[in-house]
file final_32.cif (mmCIF, C-alpha atoms)
data_coords
#
loop_
_atom_site.group_PDB
_atom_site.id
_atom_site.type_symbol
_atom_site.label_atom_id
_atom_site.label_comp_id
_atom_site.auth_asym_id
_atom_site.auth_seq_id
_atom_site.Cartn_x
_atom_site.Cartn_y
_atom_site.Cartn_z
ATOM 1 C CA MET A 1000 0.000 0.000 0.000
ATOM 2 C CA ASN A 1001 2.864 2.421 0.700
ATOM 3 C CA ASP A 1002 4.020 2.020 -2.896
ATOM 4 C CA ALA A 1003 0.581 2.885 -4.335
ATOM 5 C CA ARG A 1004 1.371 6.584 -4.461
ATOM 6 C CA TRP A 1005 -1.395 7.414 -6.884
ATOM 7 C CA LEU A 1006 -3.983 6.606 -4.201
ATOM 8 C CA VAL A 1007 -5.124 9.708 -2.333
ATOM 9 C CA ALA A 1008 -7.015 10.567 0.839
ATOM 10 C CA PRO A 1009 -10.714 11.372 0.233
ATOM 11 C CA HIS A 1010 -11.374 15.087 -0.195
ATOM 12 C CA ALA A 1011 -14.295 17.462 -0.734
ATOM 13 C CA GLY A 1012 -14.491 16.669 -4.442
ATOM 14 C CA MET A 1013 -15.060 12.956 -3.848
ATOM 15 C CA ARG A 1014 -18.244 11.089 -3.059
ATOM 16 C CA PRO A 1015 -19.723 11.699 0.401
ATOM 17 C CA PHE A 1016 -19.484 7.965 1.118
ATOM 18 C CA LEU A 1017 -15.680 8.038 0.862
ATOM 19 C CA ARG A 1018 -15.416 11.133 3.037
ATOM 20 C CA LEU A 1019 -17.742 9.571 5.595
ATOM 21 C CA MET A 1020 -15.628 6.447 5.597
ATOM 22 C CA ALA A 1021 -12.436 8.466 6.014
ATOM 23 C CA GLU A 1022 -13.877 10.302 9.019
ATOM 24 C CA ALA A 1023 -15.143 7.067 10.561
ATOM 25 C CA ALA A 1024 -11.792 5.356 9.915
ATOM 26 C CA GLU A 1025 -9.848 8.166 11.581
ATOM 27 C CA ARG A 1026 -11.961 7.791 14.723
ATOM 28 C CA LEU A 1027 -11.062 4.096 14.757
ATOM 29 C CA GLY A 1028 -7.359 4.746 14.274
ATOM 30 C CA GLY A 1029 -7.365 3.707 10.621
ATOM 31 C CA ARG A 1030 -7.253 5.465 7.291
ATOM 32 C CA VAL A 1031 -8.842 5.418 3.849
ATOM 33 C CA VAL A 1032 -7.252 5.980 0.438
ATOM 34 C CA ALA A 1033 -8.929 5.892 -2.960
ATOM 35 C CA GLU A 1034 -8.127 6.184 -6.637
ATOM 36 C CA PRO A 1035 -8.139 9.887 -7.473
ATOM 37 C CA PHE A 1036 -10.220 9.954 -10.642
ATOM 38 C CA VAL A 1037 -13.780 9.145 -9.505
ATOM 39 C CA GLY A 1038 -13.130 7.528 -6.131
ATOM 40 C CA ARG A 1039 -14.930 4.394 -7.234
ATOM 41 C CA PHE A 1040 -12.649 2.059 -5.341
ATOM 42 C CA GLY A 1041 -10.209 2.352 -2.503
ATOM 43 C CA PHE A 1042 -8.816 0.720 0.601
ATOM 44 C CA TYR A 1043 -9.521 0.899 4.304
ATOM 45 C CA THR A 1044 -6.549 0.178 6.537
ATOM 46 C CA ASP A 1045 -7.677 -0.619 10.063
ATOM 47 C CA ALA A 1046 -5.858 0.242 13.287
ATOM 48 C CA GLY A 1047 -4.107 -3.127 13.192
ATOM 49 C CA GLY A 1048 -2.585 -2.427 9.778
ATOM 50 C CA ARG A 1049 -4.797 -4.813 7.798
ATOM 51 C CA THR A 1050 -6.040 -3.492 4.468
ATOM 52 C CA HIS A 1051 -9.546 -4.072 3.100
ATOM 53 C CA ALA A 1052 -10.618 -3.294 -0.462
ATOM 54 C CA VAL A 1053 -13.761 -1.204 -0.929
ATOM 55 C CA HIS A 1054 -15.624 -0.861 -4.224
ATOM 56 C CA GLY A 1055 -18.416 1.668 -4.503
ATOM 57 C CA ALA A 1056 -20.403 1.159 -1.309
ATOM 58 C CA ALA A 1057 -19.411 -2.501 -1.005
ATOM 59 C CA LEU A 1058 -17.289 -2.934 2.120
ATOM 60 C CA GLY A 1059 -16.574 -6.628 1.731
ATOM 61 C CA LEU A 1060 -18.634 -7.639 4.763
ATOM 62 C CA ASN A 1061 -21.008 -9.723 2.652
ATOM 63 C CA GLY A 1062 -20.093 -12.915 0.841
ATOM 64 C CA ASP A 1063 -20.275 -13.008 -2.954
ATOM 65 C CA ALA A 1064 -23.224 -15.403 -3.055
ATOM 66 C CA ALA A 1065 -25.290 -13.378 -0.579
ATOM 67 C CA ALA A 1066 -24.541 -10.122 -2.397
ATOM 68 C CA ARG A 1067 -25.502 -11.608 -5.763
ATOM 69 C CA LEU A 1068 -28.686 -13.056 -4.299
ATOM 70 C CA ALA A 1069 -29.703 -9.702 -2.834
ATOM 71 C CA GLY A 1070 -29.024 -8.064 -6.203
ATOM 72 C CA ASP A 1071 -31.599 -10.278 -7.923
ATOM 73 C CA LYS A 1072 -34.935 -8.837 -6.769
ATOM 74 C CA ASP A 1073 -36.962 -11.841 -7.937
ATOM 75 C CA TYR A 1074 -34.849 -14.503 -6.225
ATOM 76 C CA ALA A 1075 -34.338 -12.366 -3.122
ATOM 77 C CA ALA A 1076 -38.086 -11.876 -2.701
ATOM 78 C CA LYS A 1077 -38.675 -15.610 -3.074
ATOM 79 C CA VAL A 1078 -35.992 -16.422 -0.491
ATOM 80 C CA MET A 1079 -37.393 -13.902 1.967
ATOM 81 C CA ALA A 1080 -40.938 -15.183 1.474
ATOM 82 C CA TYR A 1081 -39.728 -18.742 2.045
ATOM 83 C CA ALA A 1082 -38.225 -17.554 5.327
ATOM 84 C CA GLY A 1083 -41.553 -16.056 6.379
ATOM 85 C CA VAL A 1084 -40.721 -12.424 5.593
ATOM 86 C CA PRO A 1085 -43.738 -10.689 3.974
ATOM 87 C CA VAL A 1086 -42.968 -9.233 0.545
ATOM 88 C CA PRO A 1087 -45.226 -7.712 -2.154
ATOM 89 C CA GLU A 1088 -46.520 -10.088 -4.800
ATOM 90 C CA HIS A 1089 -44.633 -9.900 -8.057
ATOM 91 C CA VAL A 1090 -43.933 -11.612 -11.359
ATOM 92 C CA ILE A 1091 -40.750 -11.647 -13.413
ATOM 93 C CA VAL A 1092 -40.676 -11.002 -17.162
ATOM 94 C CA LEU A 1093 -37.474 -12.522 -18.476
ATOM 95 C CA ALA A 1094 -35.310 -10.704 -20.985
ATOM 96 C CA GLY A 1095 -36.292 -11.794 -24.468
ATOM 97 C CA GLY A 1096 -39.221 -13.777 -23.072
ATOM 98 C CA ASP A 1097 -42.937 -13.436 -23.663
ATOM 99 C CA ALA A 1098 -44.329 -10.515 -21.667
ATOM 100 C CA ALA A 1099 -47.948 -11.605 -22.116
ATOM 101 C CA PRO A 1100 -48.159 -13.751 -18.931
ATOM 102 C CA GLY A 1101 -46.782 -10.892 -16.838
ATOM 103 C CA ILE A 1102 -49.172 -8.389 -18.375
ATOM 104 C CA ALA A 1103 -52.061 -10.804 -17.819
ATOM 105 C CA TRP A 1104 -51.079 -11.124 -14.149
ATOM 106 C CA ALA A 1105 -50.987 -7.361 -13.811
ATOM 107 C CA ARG A 1106 -54.429 -6.951 -15.376
ATOM 108 C CA GLN A 1107 -56.206 -9.914 -13.815
ATOM 109 C CA ALA A 1108 -54.586 -10.434 -10.413
ATOM 110 C CA CYS A 1109 -52.665 -7.319 -9.448
ATOM 111 C CA GLY A 1110 -54.404 -4.209 -10.669
ATOM 112 C CA VAL A 1111 -53.015 -0.681 -10.572
ATOM 113 C CA PRO A 1112 -51.053 1.067 -9.315
ATOM 114 C CA LEU A 1113 -48.109 -1.299 -9.662
ATOM 115 C CA TRP A 1114 -44.360 -0.934 -10.037
ATOM 116 C CA VAL A 1115 -42.163 -1.735 -13.020
ATOM 117 C CA LYS A 1116 -38.553 -2.318 -11.964
ATOM 118 C CA PRO A 1117 -35.358 -3.672 -13.474
ATOM 119 C CA ASN A 1118 -34.725 -6.953 -11.703
ATOM 120 C CA ASP A 1119 -31.072 -6.076 -11.144
ATOM 121 C CA GLY A 1120 -31.391 -2.347 -10.622
ATOM 122 C CA HIS A 1121 -30.451 -0.068 -7.751
ATOM 123 C CA GLY A 1122 -30.826 3.571 -6.803
ATOM 124 C CA GLY A 1123 -34.292 3.877 -8.334
ATOM 125 C CA ALA A 1124 -32.998 3.914 -11.928
ATOM 126 C CA GLY A 1125 -35.583 2.565 -14.358
ATOM 127 C CA VAL A 1126 -38.283 2.256 -11.691
ATOM 128 C CA VAL A 1127 -41.738 3.438 -12.792
ATOM 129 C CA ARG A 1128 -45.055 3.524 -10.936
ATOM 130 C CA VAL A 1129 -47.796 2.585 -13.398
ATOM 131 C CA GLU A 1130 -51.168 4.203 -12.723
ATOM 132 C CA ASP A 1131 -53.110 2.735 -15.651
ATOM 133 C CA PHE A 1132 -52.684 -0.306 -17.857
ATOM 134 C CA GLY A 1133 -52.111 1.791 -20.976
ATOM 135 C CA ALA A 1134 -48.793 2.854 -19.484
ATOM 136 C CA LEU A 1135 -47.644 -0.655 -18.553
ATOM 137 C CA GLU A 1136 -46.015 -1.791 -21.787
ATOM 138 C CA PRO A 1137 -44.369 1.614 -22.466
ATOM 139 C CA ALA A 1138 -42.881 1.496 -18.953
ATOM 140 C CA MET A 1139 -41.465 -1.962 -19.621
ATOM 141 C CA ALA A 1140 -40.180 -1.152 -23.106
ATOM 142 C CA PRO A 1141 -36.849 0.575 -22.259
ATOM 143 C CA LEU A 1142 -35.819 -2.249 -19.945
ATOM 144 C CA ARG A 1143 -36.805 -4.972 -22.392
ATOM 145 C CA GLU A 1144 -35.062 -3.182 -25.259
ATOM 146 C CA ALA A 1145 -31.926 -3.117 -23.120
ATOM 147 C CA GLY A 1146 -32.182 -6.893 -22.621
ATOM 148 C CA ARG A 1147 -32.976 -6.716 -18.918
ATOM 149 C CA HIS A 1148 -35.301 -8.823 -16.807
ATOM 150 C CA VAL A 1149 -38.325 -6.837 -15.627
ATOM 151 C CA LEU A 1150 -40.057 -7.125 -12.264
ATOM 152 C CA LEU A 1151 -43.752 -6.274 -12.002
ATOM 153 C CA GLN A 1152 -44.545 -5.665 -8.341
ATOM 154 C CA ARG A 1153 -47.799 -5.019 -6.517
ATOM 155 C CA ASP A 1154 -47.952 -1.570 -4.928
ATOM 156 C CA ALA A 1155 -47.614 -1.592 -1.145
ATOM 157 C CA PRO A 1156 -49.256 1.520 0.314
ATOM 158 C CA GLY A 1157 -47.757 3.023 3.419
ATOM 159 C CA ARG A 1158 -44.651 4.858 4.612
ATOM 160 C CA GLU A 1159 -41.310 3.674 3.271
ATOM 161 C CA TYR A 1160 -38.200 3.282 5.413
ATOM 162 C CA ARG A 1161 -34.571 2.340 4.950
ATOM 163 C CA VAL A 1162 -33.236 0.259 7.832
ATOM 164 C CA MET A 1163 -29.500 -0.343 8.031
ATOM 165 C CA VAL A 1164 -28.729 -3.732 9.563
ATOM 166 C CA LEU A 1165 -25.298 -4.780 10.799
ATOM 167 C CA GLU A 1166 -24.817 -8.346 12.026
ATOM 168 C CA GLY A 1167 -28.341 -8.716 13.331
ATOM 169 C CA ARG A 1168 -28.818 -5.249 14.812
ATOM 170 C CA VAL A 1169 -30.189 -1.977 13.497
ATOM 171 C CA VAL A 1170 -27.609 0.834 13.350
ATOM 172 C CA LEU A 1171 -29.656 3.432 11.453
ATOM 173 C CA ALA A 1172 -33.244 3.884 10.271
ATOM 174 C CA TYR A 1173 -35.017 6.732 8.506
ATOM 175 C CA GLU A 1174 -38.073 7.416 6.385
ATOM 176 C CA ARG A 1175 -37.824 8.001 2.646
ATOM 177 C CA VAL A 1176 -40.537 10.242 1.185
ATOM 178 C CA ARG A 1177 -41.565 9.600 -2.396
ATOM 179 C CA PRO A 1178 -41.363 12.561 -4.827
ATOM 180 C CA GLY A 1179 -44.811 12.528 -6.445
ATOM 181 C CA SER A 1180 -45.285 9.247 -8.280
ATOM 182 C CA GLY A 1181 -41.592 8.350 -8.426
ATOM 183 C CA PRO A 1182 -39.666 5.875 -6.279
ATOM 184 C CA ALA A 1183 -38.679 6.881 -2.755
ATOM 185 C CA ASN A 1184 -34.972 6.262 -3.378
ATOM 186 C CA LEU A 1185 -32.979 9.281 -2.229
ATOM 187 C CA SER A 1186 -30.736 9.104 -5.288
ATOM 188 C CA ALA A 1187 -33.875 9.358 -7.448
ATOM 189 C CA GLY A 1188 -35.177 12.494 -5.751
ATOM 190 C CA GLY A 1189 -36.757 11.126 -2.585
ATOM 191 C CA ALA A 1190 -36.548 13.120 0.629
ATOM 192 C CA VAL A 1191 -35.330 12.196 4.112
ATOM 193 C CA ARG A 1192 -37.606 12.319 7.123
ATOM 194 C CA ASP A 1193 -36.115 11.408 10.469
ATOM 195 C CA GLY A 1194 -37.869 8.679 12.406
ATOM 196 C CA ALA A 1195 -37.743 4.921 12.791
ATOM 197 C CA PRO A 1196 -40.456 2.489 11.646
ATOM 198 C CA GLY A 1197 -40.896 0.864 15.054
ATOM 199 C CA ALA A 1198 -39.547 -2.211 16.799
ATOM 200 C CA GLU A 1199 -41.616 -4.764 14.855
ATOM 201 C CA ALA A 1200 -40.605 -3.353 11.471
ATOM 202 C CA GLU A 1201 -36.958 -3.182 12.512
ATOM 203 C CA ALA A 1202 -37.093 -6.797 13.663
ATOM 204 C CA LEU A 1203 -38.515 -7.692 10.244
ATOM 205 C CA ALA A 1204 -35.612 -5.900 8.544
ATOM 206 C CA VAL A 1205 -33.172 -7.964 10.597
ATOM 207 C CA ARG A 1206 -34.987 -11.163 9.587
ATOM 208 C CA ALA A 1207 -34.818 -10.143 5.932
ATOM 209 C CA ALA A 1208 -31.057 -9.555 6.093
ATOM 210 C CA GLU A 1209 -30.519 -12.860 7.871
ATOM 211 C CA ALA A 1210 -32.679 -14.726 5.337
ATOM 212 C CA LEU A 1211 -30.400 -13.475 2.555
ATOM 213 C CA GLY A 1212 -27.205 -14.149 4.490
ATOM 214 C CA LEU A 1213 -26.244 -10.467 4.675
ATOM 215 C CA ARG A 1214 -24.091 -9.171 7.513
ATOM 216 C CA TRP A 1215 -24.466 -5.568 6.330
ATOM 217 C CA ALA A 1216 -27.615 -4.473 4.514
ATOM 218 C CA GLY A 1217 -29.902 -1.593 3.705
ATOM 219 C CA VAL A 1218 -33.399 -3.046 3.971
ATOM 220 C CA ASP A 1219 -36.259 -1.130 2.350
ATOM 221 C CA LEU A 1220 -39.694 -1.745 3.794
ATOM 222 C CA VAL A 1221 -43.163 -0.221 3.788
ATOM 223 C CA VAL A 1222 -45.200 0.209 6.948
ATOM 224 C CA GLY A 1223 -48.933 0.400 6.281
ATOM 225 C CA GLU A 1224 -51.868 -1.852 7.098
ATOM 226 C CA GLU A 1225 -49.269 -4.564 6.564
ATOM 227 C CA THR A 1226 -45.507 -4.218 6.839
ATOM 228 C CA VAL A 1227 -43.675 -5.670 3.844
ATOM 229 C CA VAL A 1228 -40.035 -5.764 2.785
ATOM 230 C CA LEU A 1229 -39.429 -4.383 -0.695
ATOM 231 C CA GLU A 1230 -35.791 -5.400 -1.063
ATOM 232 C CA ALA A 1231 -32.417 -5.564 0.658
ATOM 233 C CA ASN A 1232 -29.275 -3.870 -0.637
ATOM 234 C CA ALA A 1233 -25.954 -5.598 -0.001
ATOM 235 C CA ALA A 1234 -23.949 -2.410 -0.680
ATOM 236 C CA PRO A 1235 -26.120 0.340 0.770
ATOM 237 C CA GLY A 1236 -24.990 3.829 -0.064
ATOM 238 C CA LEU A 1237 -25.242 6.635 2.450
ATOM 239 C CA ASP A 1238 -24.338 9.561 0.181
ATOM 240 C CA ALA A 1239 -27.800 11.086 -0.266
ATOM 241 C CA TYR A 1240 -28.873 10.527 3.329
ATOM 242 C CA ALA A 1241 -25.667 11.984 4.778
ATOM 243 C CA SER A 1242 -25.941 14.997 2.471
ATOM 244 C CA ALA A 1243 -29.355 15.913 3.899
ATOM 245 C CA GLY A 1244 -27.823 17.792 6.839
ATOM 246 C CA PRO A 1245 -25.270 17.789 9.675
ATOM 247 C CA ALA A 1246 -27.356 15.511 11.905
ATOM 248 C CA GLN A 1247 -27.759 12.976 9.102
ATOM 249 C CA TRP A 1248 -24.035 13.178 8.313
ATOM 250 C CA ALA A 1249 -23.178 12.368 11.920
ATOM 251 C CA ALA A 1250 -25.668 9.477 12.048
ATOM 252 C CA ALA A 1251 -24.398 8.038 8.770
ATOM 253 C CA ARG A 1252 -20.789 8.320 9.957
ATOM 254 C CA GLU A 1253 -21.648 6.467 13.157
ATOM 255 C CA ALA A 1254 -23.376 3.654 11.239
ATOM 256 C CA LEU A 1255 -20.500 3.351 8.778
ATOM 257 C CA GLY A 1256 -18.013 3.437 11.640
ATOM 258 C CA ALA A 1257 -19.796 0.503 13.247
ATOM 259 C CA ALA A 1258 -19.487 -1.421 9.973
ATOM 260 C CA LEU A 1259 -15.766 -0.613 9.672
ATOM 261 C CA GLU A 1260 -15.235 -1.730 13.257
ATOM 262 C CA VAL A 1261 -16.737 -5.119 12.384
ATOM 263 C CA LEU A 1262 -14.643 -5.247 9.208
ATOM 264 C CA GLY A 1263 -11.480 -4.691 11.205
ATOM 265 C CA ARG A 1264 -12.047 -7.528 13.691
#

call {"tool": "encode", "arguments": {"input": "final_32.cif", "output": "structure tokens"}}
result
Amino acid sequence: MNDARWLVAPHAGMRPFLRLMAEAAERLGGRVVAEPFVGRFGFYTDAGGRTHAVHGAALGLNGDAAARLAGDKDYAAKVMAYAGVPVPEHVIVLAGGDAAPGIAWARQACGVPLWVKPNDGHGGAGVVRVEDFGALEPAMAPLREAGRHVLLQRDAPGREYRVMVLEGRVVLAYERVRPGSGPANLSAGGAVRDGAPGAEAEALAVRAAEALGLRWAGVDLVVGEETVVLEANAAPGLDAYASAGPAQWAAAREALGAALEVLGR
């Protein structure tokens, strides 16, 4: 690491996640360096001198299989449901496959509103809330043209939360407010509202992470008449949340610091 002189300490021009990690690392007696161009990957050296590679928001706490499972919304939902975690009903429309069965499910069994999502997406990209059936196929078209699997998911009314789970305990929770008819993802324009979803919902988030084999996860759930888990992210970003204000920055730094402490054991 001492010979990798092109690696630099995170600075104001880099992603908030890297700067958060650098602050958290310093408090733990470690340090962070990253490639200087976009800060997409870097290294965390813990207080004991051990170095851990970091890519994007992936800290290396989760195994490859668990991370890949969580990244497949269809399989992840099926695994969580098998473990007794309530999830919204959905169907998968495979890339290059016949969309007619999925459309028939939407019309006959699901109804509107419903969500069209890329099965492997993150950050709210490509996610569309369909309010009428005339908009269903146009919403699916860009994803299908790009050769991606499409998830059609029943709408779950209620308040949406992100719950950060670290080795079976909740280290951060906040509400994500949807911008109009768009997804509640902060990177897609959603807003932060402080407040936790309650003990039962947090316990459900922990169960979801455990069902997928994730040590570190951002679990998205909706609390309404029924509480359901939408998905679990194996590399949860904290950039948008931390950027919402000083209090959020401090809370995000504390959560990330807890994760780095586990990583350095």

call {"tool": "atom_distance", "arguments": {"input": "final_32.cif", "atom1": "CA of Ala1069 (chain A)", "atom2": "CA of Val1162 (chain A)"}}
result
15.0 Å

call {"tool": "residues_around", "arguments": {"input": "final_32.cif", "residues": "Glu1174 (chain A)", "least_positions_apart": "4", "cutoff": "6 Å", "atoms": "only C-alpha atoms", "output": "PDB file with C-alpha atoms, in the frame of the given file"}}
result
ATOM      1  CA  GLU A1159     -41.310   3.674   3.271  1.00  0.00           C
ATOM      2  CA  TYR A1160     -38.200   3.282   5.413  1.00  0.00           C
ATOM      3  CA  VAL A1191     -35.330  12.196   4.112  1.00  0.00           C
ATOM      4  CA  ARG A1192     -37.606  12.319   7.123  1.00  0.00           C
TER       5      ARG A1192
END

call {"tool": "residues_around", "arguments": {"input": "final_32.cif", "residues": "Pro1112 (chain A)", "least_positions_apart": "2", "cutoff": "7 Å", "atoms": "all atoms listed in the file", "output": "list in words"}}
result
Gly1110, Arg1128, Val1129, Glu1130, Asp1131 and Asp1154 of chain A

call {"tool": "atom_distance", "arguments": {"input": "final_32.cif", "atom1": "CA of Ala1066 (chain A)", "atom2": "CA of Glu1253 (chain A)"}}
result
22.9 Å

call {"tool": "closest_residue", "arguments": {"input": "final_32.cif", "among": "A:Gly1217, A:Pro1178, A:Pro1156, A:Gly1244", "to": "Pro1087 (chain A)", "atoms": "only C-alpha atoms"}}
result
A:Pro1156

call {"tool": "residues_around", "arguments": {"input": "final_32.cif", "residues": "Val1221 (chain A)", "least_positions_apart": "3", "cutoff": "12 Å", "atoms": "all atoms listed in the file", "output": "VMD selection string"}}
result
chain A and resid 1085 to 1087 1154 to 1162 1173 to 1177 1183 1195 to 1197 1200 to 1201 1203 to 1204 1218 1224 to 1230

call {"tool": "closest_residue", "arguments": {"input": "final_32.cif", "among": "A:Glu1088, A:Glu1144, A:Asp1063, A:Glu1166", "to": "Arg1214 (chain A)", "atoms": "only C-alpha atoms"}}
result
A:Glu1166

call {"tool": "resolve_selection", "arguments": {"input": "final_32.cif", "expression": "the PyMOL selection byres ((chain A and resi 1243) around 12)", "output": "JSON, numbers by chain"}}
result
{"A": [1015, 1173, 1175, 1185, 1186, 1188, 1189, 1190, 1191, 1192, 1193, 1237, 1238, 1239, 1240, 1241, 1242, 1244, 1245, 1246, 1247, 1248, 1249, 1250, 1251]}

call {"tool": "residues_near_point", "arguments": {"input": "final_32.cif", "point": "(-30.6, -9.7, -7.1)", "cutoff": "12 Å", "atoms": "all atoms listed in the file", "output": "ChimeraX atom specification"}}
result
/A:1063-1078,1116-1121,1148-1150,1211,1230-1234

call {"tool": "closest_residue", "arguments": {"input": "final_32.cif", "among": "A:Arg1147, A:Arg1039, A:Arg1106, A:Arg1030", "to": "His1054 (chain A)", "atoms": "all atoms listed in the file"}}
result
A:Arg1039

call {"tool": "closest_residue", "arguments": {"input": "final_32.cif", "among": "A:Ala1208, A:Pro1035, A:Ala1103, A:Val1222", "to": "Ala1011 (chain A)", "atoms": "only C-alpha atoms"}}
result
A:Pro1035

call {"tool": "atom_distance", "arguments": {"input": "final_32.cif", "atom1": "CA of Leu1151 (chain A)", "atom2": "CA of Trp1114 (chain A)"}}
result
5.7 Å

call {"tool": "decode", "arguments": {"input": "final_32.cif", "residues": "region 1214-1230 of chain A", "atoms": "C-alpha atoms", "output": "JSON list (two decimals), in the first residue's frame"}}
result
[["chain", "number", "residue", "atom", "x", "y", "z"],
["A", 1214, "ARG", "CA", -24.09, -9.17, 7.51],
["A", 1215, "TRP", "CA", -24.47, -5.57, 6.33],
["A", 1216, "ALA", "CA", -27.61, -4.47, 4.51],
["A", 1217, "GLY", "CA", -29.90, -1.59, 3.71],
["A", 1218, "VAL", "CA", -33.40, -3.05, 3.97],
["A", 1219, "ASP", "CA", -36.26, -1.13, 2.35],
["A", 1220, "LEU", "CA", -39.69, -1.74, 3.79],
["A", 1221, "VAL", "CA", -43.16, -0.22, 3.79],
["A", 1222, "VAL", "CA", -45.20, 0.21, 6.95],
["A", 1223, "GLY", "CA", -48.93, 0.40, 6.28],
["A", 1224, "GLU", "CA", -51.87, -1.85, 7.10],
["A", 1225, "GLU", "CA", -49.27, -4.56, 6.56],
["A", 1226, "THR", "CA", -45.51, -4.22, 6.84],
["A", 1227, "VAL", "CA", -43.67, -5.67, 3.84],
["A", 1228, "VAL", "CA", -40.03, -5.76, 2.79],
["A", 1229, "LEU", "CA", -39.43, -4.38, -0.69],
["A", 1230, "GLU", "CA", -35.79, -5.40, -1.06]]
